[in-house]
Amino acid sequence: MSGIVSGIESGIESGIERVIRPWGWYEDLGSGPGYKLKRLLIKNGQRLSLQRHQHRSENWTVAQGSGELYCQGQWSNVSAGDTLHIPKGAIHRALGGDGDLLIIEVQHGSILEESDIERLEDDFGRVLT
């Protein structure tokens, strides 16, 4: 178990539901009118779908680890403290680097559900045609 994973097991103990995905997991930390806060862990060498959202923007802050973030045709190497603003409609993805990549995600918009993910490429066969 990586240091990041072992260091954040308290999410389970505090009653926050962890949703397991092939690339890692996410947790909904809180929400209010027009916003939602999540914690995502992208495992070493795994990546999120190449995706976009029609109804929300996102702000990602790297909390721990390192990896690469992609937005609108540009890859950036990132580590703890780095941030990325993802405008509504922007094509984006994240890749876990050496070790796991822990991201805090703040969503802003009118629809803040998983149904607002349009997958353009996916390593796990989840692209709808």
# chains A, B, ... in the order shown; residues from 1 in each chain; ligands from 1

call {"tool": "residues_around", "arguments": {"residues": "A:Gly32", "least_positions_apart": "2", "cutoff": "12 Å", "atoms": "only C-alpha atoms", "output": "ChimeraX atom specification"}}
result
/A:28-30,34-37,106-112

call {"tool": "residues_around", "arguments": {"residues": "stretch 48-62 of chain A", "least_positions_apart": "4", "cutoff": "6 Å", "atoms": "only C-alpha atoms", "output": "number ranges by chain"}}
result
A: 80-94, 102-111, 116-122

call {"tool": "write_last_selection", "arguments": {"atoms": "N, CA, C and O atoms", "output": "compact mmCIF listing (two decimals), in the first residue's frame"}}
result
# COMPACT_ATOMS: atom_id res chain seq x y z
N ALA A 80 2.48 18.17 -5.45
CA ALA A 80 1.68 18.77 -4.39
C ALA A 80 1.72 20.30 -4.44
O ALA A 80 2.79 20.90 -4.58
N GLY A 81 0.54 20.90 -4.38
CA GLY A 81 0.40 22.35 -4.40
C GLY A 81 0.05 22.93 -5.76
O GLY A 81 -0.40 24.07 -5.84
N ASP A 82 0.25 22.17 -6.83
CA ASP A 82 -0.08 22.66 -8.17
C ASP A 82 -1.59 22.65 -8.37
O ASP A 82 -2.30 21.81 -7.81
N THR A 83 -2.08 23.58 -9.19
CA THR A 83 -3.51 23.69 -9.46
C THR A 83 -3.77 23.75 -10.96
O THR A 83 -2.89 24.11 -11.74
N LEU A 84 -5.00 23.40 -11.33
CA LEU A 84 -5.43 23.47 -12.72
C LEU A 84 -6.89 23.90 -12.75
O LEU A 84 -7.72 23.30 -12.05
N HIS A 85 -7.21 24.94 -13.54
CA HIS A 85 -8.60 25.32 -13.77
C HIS A 85 -9.06 24.68 -15.07
O HIS A 85 -8.38 24.79 -16.09
N ILE A 86 -10.19 24.00 -15.03
CA ILE A 86 -10.76 23.33 -16.20
C ILE A 86 -12.08 24.03 -16.54
O ILE A 86 -13.08 23.83 -15.84
N PRO A 87 -12.09 24.85 -17.57
CA PRO A 87 -13.33 25.54 -17.93
C PRO A 87 -14.41 24.56 -18.41
O PRO A 87 -14.11 23.46 -18.88
N LYS A 88 -15.66 24.97 -18.30
CA LYS A 88 -16.77 24.17 -18.81
C LYS A 88 -16.51 23.87 -20.28
O LYS A 88 -16.14 24.75 -21.05
N GLY A 89 -16.66 22.59 -20.67
CA GLY A 89 -16.46 22.17 -22.06
C GLY A 89 -15.04 21.83 -22.43
O GLY A 89 -14.78 21.33 -23.53
N ALA A 90 -14.06 22.05 -21.54
CA ALA A 90 -12.65 21.78 -21.84
C ALA A 90 -12.37 20.28 -21.76
O ALA A 90 -12.81 19.59 -20.84
N ILE A 91 -11.61 19.77 -22.71
CA ILE A 91 -11.19 18.37 -22.72
C ILE A 91 -10.02 18.22 -21.75
O ILE A 91 -9.06 18.99 -21.81
N HIS A 92 -10.11 17.21 -20.85
CA HIS A 92 -9.11 17.08 -19.80
C HIS A 92 -8.97 15.63 -19.34
O HIS A 92 -9.83 14.80 -19.61
N ARG A 93 -7.87 15.37 -18.60
CA ARG A 93 -7.64 14.07 -17.95
C ARG A 93 -6.49 14.20 -16.97
O ARG A 93 -5.75 15.18 -16.99
N ALA A 94 -6.34 13.20 -16.10
CA ALA A 94 -5.23 13.16 -15.14
C ALA A 94 -4.57 11.80 -15.23
O ALA A 94 -5.23 10.78 -15.49
N LEU A 102 -3.09 12.35 -5.66
CA LEU A 102 -4.27 12.72 -4.89
C LEU A 102 -4.68 14.14 -5.26
O LEU A 102 -3.88 15.07 -5.12
N ILE A 103 -5.91 14.29 -5.74
CA ILE A 103 -6.43 15.57 -6.22
C ILE A 103 -7.66 15.96 -5.40
O ILE A 103 -8.53 15.12 -5.15
N ILE A 104 -7.72 17.23 -5.03
CA ILE A 104 -8.94 17.81 -4.48
C ILE A 104 -9.61 18.54 -5.64
O ILE A 104 -8.99 19.38 -6.30
N GLU A 105 -10.87 18.20 -5.89
CA GLU A 105 -11.61 18.74 -7.03
C GLU A 105 -12.79 19.57 -6.51
O GLU A 105 -13.56 19.10 -5.69
N VAL A 106 -12.89 20.80 -7.01
CA VAL A 106 -14.05 21.64 -6.73
C VAL A 106 -14.79 21.85 -8.04
O VAL A 106 -14.22 22.37 -9.00
N GLN A 107 -16.03 21.40 -8.07
CA GLN A 107 -16.90 21.55 -9.24
C GLN A 107 -17.81 22.75 -9.03
O GLN A 107 -18.32 22.95 -7.92
N HIS A 108 -18.05 23.52 -10.10
CA HIS A 108 -19.00 24.63 -10.07
C HIS A 108 -19.89 24.51 -11.30
O HIS A 108 -19.38 24.37 -12.41
N GLY A 109 -21.21 24.57 -11.11
CA GLY A 109 -22.10 24.51 -12.26
C GLY A 109 -23.51 24.14 -11.89
O GLY A 109 -23.87 24.00 -10.72
N SER A 110 -24.31 23.93 -12.95
CA SER A 110 -25.73 23.66 -12.77
C SER A 110 -26.04 22.17 -12.61
O SER A 110 -27.02 21.81 -11.98
N ILE A 111 -25.21 21.30 -13.19
CA ILE A 111 -25.37 19.86 -13.05
C ILE A 111 -24.04 19.30 -12.56
O ILE A 111 -23.03 19.40 -13.25
N ASP A 116 -22.82 14.04 -16.21
CA ASP A 116 -22.25 15.13 -17.00
C ASP A 116 -20.83 14.84 -17.48
O ASP A 116 -20.13 15.73 -17.91
N ILE A 117 -20.42 13.59 -17.42
CA ILE A 117 -19.11 13.20 -17.97
C ILE A 117 -19.31 12.69 -19.39
O ILE A 117 -20.02 11.71 -19.61
N GLU A 118 -18.71 13.37 -20.36
CA GLU A 118 -18.68 12.88 -21.74
C GLU A 118 -17.28 12.31 -21.97
O GLU A 118 -16.30 13.05 -22.03
N ARG A 119 -17.21 10.98 -22.06
CA ARG A 119 -15.92 10.31 -22.23
C ARG A 119 -15.58 10.23 -23.72
O ARG A 119 -16.33 9.68 -24.50
N LEU A 120 -14.40 10.75 -24.08
CA LEU A 120 -13.94 10.74 -25.46
C LEU A 120 -12.98 9.58 -25.72
O LEU A 120 -12.95 9.05 -26.83
N GLU A 121 -12.19 9.22 -24.71
CA GLU A 121 -11.31 8.04 -24.72
C GLU A 121 -11.31 7.48 -23.32
O GLU A 121 -11.40 8.24 -22.35
N ASP A 122 -11.20 6.15 -23.23
CA ASP A 122 -11.22 5.52 -21.91
C ASP A 122 -10.48 4.20 -21.97
O ASP A 122 -10.73 3.40 -22.86

call {"tool": "atom_distance", "arguments": {"atom1": "atom CA of A:Leu40", "atom2": "atom CA of A:Gly125"}}
result
20.0 Å

call {"tool": "select_by_dssp", "arguments": {"residues": "chain A", "states": "alpha helix (DSSP H)", "output": "PyMOL selection string"}}
result
chain A and resi 3-7+10-13

call {"tool": "select_by_dssp", "arguments": {"residues": "stretch 20-125 of chain A", "states": "strand (DSSP E or B)", "output": "VMD selection string"}}
result
chain A and resid 20 to 21 24 to 32 35 to 42 44 47 50 to 52 56 to 64 66 to 71 74 to 79 83 to 86 92 to 96 101 to 109 118 to 121

call {"tool": "decode", "arguments": {"residues": "stretch 5-97 of chain A", "atoms": "C-alpha atoms", "output": "PDB file, in the first residue's frame"}}
result
ATOM      1  CA  VAL A   5      -3.330   5.484   0.451  1.00  0.00           C
ATOM      2  CA  SER A   6      -2.286   4.507   3.971  1.00  0.00           C
ATOM      3  CA  GLY A   7      -2.241   8.160   5.002  1.00  0.00           C
ATOM      4  CA  ILE A   8      -5.859   8.807   4.021  1.00  0.00           C
ATOM      5  CA  GLU A   9      -7.642   5.714   5.217  1.00  0.00           C
ATOM      6  CA  SER A  10      -9.391   7.974   7.728  1.00  0.00           C
ATOM      7  CA  GLY A  11     -11.941   8.805   4.997  1.00  0.00           C
ATOM      8  CA  ILE A  12     -13.487   5.379   5.489  1.00  0.00           C
ATOM      9  CA  GLU A  13     -13.543   5.747   9.276  1.00  0.00           C
ATOM     10  CA  SER A  14     -15.274   9.141   9.135  1.00  0.00           C
ATOM     11  CA  GLY A  15     -18.229   7.758   7.175  1.00  0.00           C
ATOM     12  CA  ILE A  16     -17.306   9.211   3.775  1.00  0.00           C
ATOM     13  CA  GLU A  17     -18.263   6.803   0.991  1.00  0.00           C
ATOM     14  CA  ARG A  18     -15.351   5.787  -1.243  1.00  0.00           C
ATOM     15  CA  VAL A  19     -16.383   4.948  -4.819  1.00  0.00           C
ATOM     16  CA  ILE A  20     -13.933   2.490  -6.388  1.00  0.00           C
ATOM     17  CA  ARG A  21     -13.061   2.919 -10.069  1.00  0.00           C
ATOM     18  CA  PRO A  22     -10.562   1.018 -12.265  1.00  0.00           C
ATOM     19  CA  TRP A  23      -8.138   3.972 -12.075  1.00  0.00           C
ATOM     20  CA  GLY A  24      -8.403   4.439  -8.288  1.00  0.00           C
ATOM     21  CA  TRP A  25     -11.249   6.009  -6.294  1.00  0.00           C
ATOM     22  CA  TYR A  26     -13.127   9.177  -5.405  1.00  0.00           C
ATOM     23  CA  GLU A  27     -14.996  10.502  -2.386  1.00  0.00           C
ATOM     24  CA  ASP A  28     -17.701  13.176  -2.241  1.00  0.00           C
ATOM     25  CA  LEU A  29     -16.617  15.477   0.588  1.00  0.00           C
ATOM     26  CA  GLY A  30     -19.435  18.018   0.508  1.00  0.00           C
ATOM     27  CA  SER A  31     -21.725  20.098  -1.655  1.00  0.00           C
ATOM     28  CA  GLY A  32     -24.003  23.102  -1.711  1.00  0.00           C
ATOM     29  CA  PRO A  33     -25.947  25.158  -4.242  1.00  0.00           C
ATOM     30  CA  GLY A  34     -23.823  25.199  -7.403  1.00  0.00           C
ATOM     31  CA  TYR A  35     -20.734  23.445  -6.032  1.00  0.00           C
ATOM     32  CA  LYS A  36     -19.400  19.996  -5.085  1.00  0.00           C
ATOM     33  CA  LEU A  37     -16.118  19.030  -3.417  1.00  0.00           C
ATOM     34  CA  LYS A  38     -14.405  15.674  -4.152  1.00  0.00           C
ATOM     35  CA  ARG A  39     -11.177  13.850  -3.361  1.00  0.00           C
ATOM     36  CA  LEU A  40      -9.759  11.659  -6.152  1.00  0.00           C
ATOM     37  CA  LEU A  41      -6.896   9.178  -6.030  1.00  0.00           C
ATOM     38  CA  ILE A  42      -5.430   8.185  -9.401  1.00  0.00           C
ATOM     39  CA  LYS A  43      -3.189   5.132  -9.015  1.00  0.00           C
ATOM     40  CA  ASN A  44       0.384   5.051 -10.284  1.00  0.00           C
ATOM     41  CA  GLY A  45       0.313   4.651 -14.075  1.00  0.00           C
ATOM     42  CA  GLN A  46      -3.495   4.872 -14.325  1.00  0.00           C
ATOM     43  CA  ARG A  47      -5.447   7.702 -15.929  1.00  0.00           C
ATOM     44  CA  LEU A  48      -8.896   9.186 -15.957  1.00  0.00           C
ATOM     45  CA  SER A  49     -10.956   9.157 -19.132  1.00  0.00           C
ATOM     46  CA  LEU A  50     -10.255  11.856 -21.674  1.00  0.00           C
ATOM     47  CA  GLN A  51     -13.419  13.797 -20.899  1.00  0.00           C
ATOM     48  CA  ARG A  52     -15.362  17.031 -20.829  1.00  0.00           C
ATOM     49  CA  HIS A  53     -18.383  18.425 -19.023  1.00  0.00           C
ATOM     50  CA  GLN A  54     -21.156  20.552 -20.532  1.00  0.00           C
ATOM     51  CA  HIS A  55     -22.608  21.873 -17.269  1.00  0.00           C
ATOM     52  CA  ARG A  56     -19.670  22.465 -14.920  1.00  0.00           C
ATOM     53  CA  SER A  57     -16.151  23.768 -14.568  1.00  0.00           C
ATOM     54  CA  GLU A  58     -13.618  22.166 -12.235  1.00  0.00           C
ATOM     55  CA  ASN A  59     -10.610  23.283 -10.228  1.00  0.00           C
ATOM     56  CA  TRP A  60      -8.045  20.621  -9.358  1.00  0.00           C
ATOM     57  CA  THR A  61      -5.469  21.008  -6.597  1.00  0.00           C
ATOM     58  CA  VAL A  62      -2.790  18.342  -6.233  1.00  0.00           C
ATOM     59  CA  ALA A  63      -2.775  17.460  -2.525  1.00  0.00           C
ATOM     60  CA  GLN A  64      -0.140  14.685  -2.601  1.00  0.00           C
ATOM     61  CA  GLY A  65       1.937  12.752  -5.089  1.00  0.00           C
ATOM     62  CA  SER A  66       2.840  13.605  -8.636  1.00  0.00           C
ATOM     63  CA  GLY A  67       1.592  12.980 -12.134  1.00  0.00           C
ATOM     64  CA  GLU A  68       0.442  14.758 -15.249  1.00  0.00           C
ATOM     65  CA  LEU A  69      -2.651  16.841 -15.916  1.00  0.00           C
ATOM     66  CA  TYR A  70      -4.011  17.503 -19.387  1.00  0.00           C
ATOM     67  CA  CYS A  71      -6.307  20.346 -20.399  1.00  0.00           C
ATOM     68  CA  GLN A  72      -7.122  21.680 -23.869  1.00  0.00           C
ATOM     69  CA  GLY A  73      -4.178  20.120 -25.678  1.00  0.00           C
ATOM     70  CA  GLN A  74      -1.477  20.747 -23.063  1.00  0.00           C
ATOM     71  CA  TRP A  75       0.105  18.306 -20.580  1.00  0.00           C
ATOM     72  CA  SER A  76       1.625  19.623 -17.335  1.00  0.00           C
ATOM     73  CA  ASN A  77       3.843  17.740 -14.879  1.00  0.00           C
ATOM     74  CA  VAL A  78       2.426  18.370 -11.409  1.00  0.00           C
ATOM     75  CA  SER A  79       3.162  17.753  -7.739  1.00  0.00           C
ATOM     76  CA  ALA A  80       1.681  18.773  -4.387  1.00  0.00           C
ATOM     77  CA  GLY A  81       0.404  22.352  -4.402  1.00  0.00           C
ATOM     78  CA  ASP A  82      -0.079  22.663  -8.167  1.00  0.00           C
ATOM     79  CA  THR A  83      -3.509  23.691  -9.459  1.00  0.00           C
ATOM     80  CA  LEU A  84      -5.433  23.473 -12.722  1.00  0.00           C
ATOM     81  CA  HIS A  85      -8.599  25.325 -13.770  1.00  0.00           C
ATOM     82  CA  ILE A  86     -10.759  23.331 -16.199  1.00  0.00           C
ATOM     83  CA  PRO A  87     -13.334  25.537 -17.934  1.00  0.00           C
ATOM     84  CA  LYS A  88     -16.773  24.172 -18.809  1.00  0.00           C
ATOM     85  CA  GLY A  89     -16.464  22.172 -22.060  1.00  0.00           C
ATOM     86  CA  ALA A  90     -12.654  21.781 -21.843  1.00  0.00           C
ATOM     87  CA  ILE A  91     -11.186  18.368 -22.720  1.00  0.00           C
ATOM     88  CA  HIS A  92      -9.105  17.080 -19.800  1.00  0.00           C
ATOM     89  CA  ARG A  93      -7.643  14.068 -17.951  1.00  0.00           C
ATOM     90  CA  ALA A  94      -5.231  13.158 -15.142  1.00  0.00           C
ATOM     91  CA  LEU A  95      -2.445  10.556 -15.027  1.00  0.00           C
ATOM     92  CA  GLY A  96      -0.933   9.127 -11.831  1.00  0.00           C
ATOM     93  CA  GLY A  97       2.864   9.413 -11.801  1.00  0.00           C
TER      94      GLY A  97
END
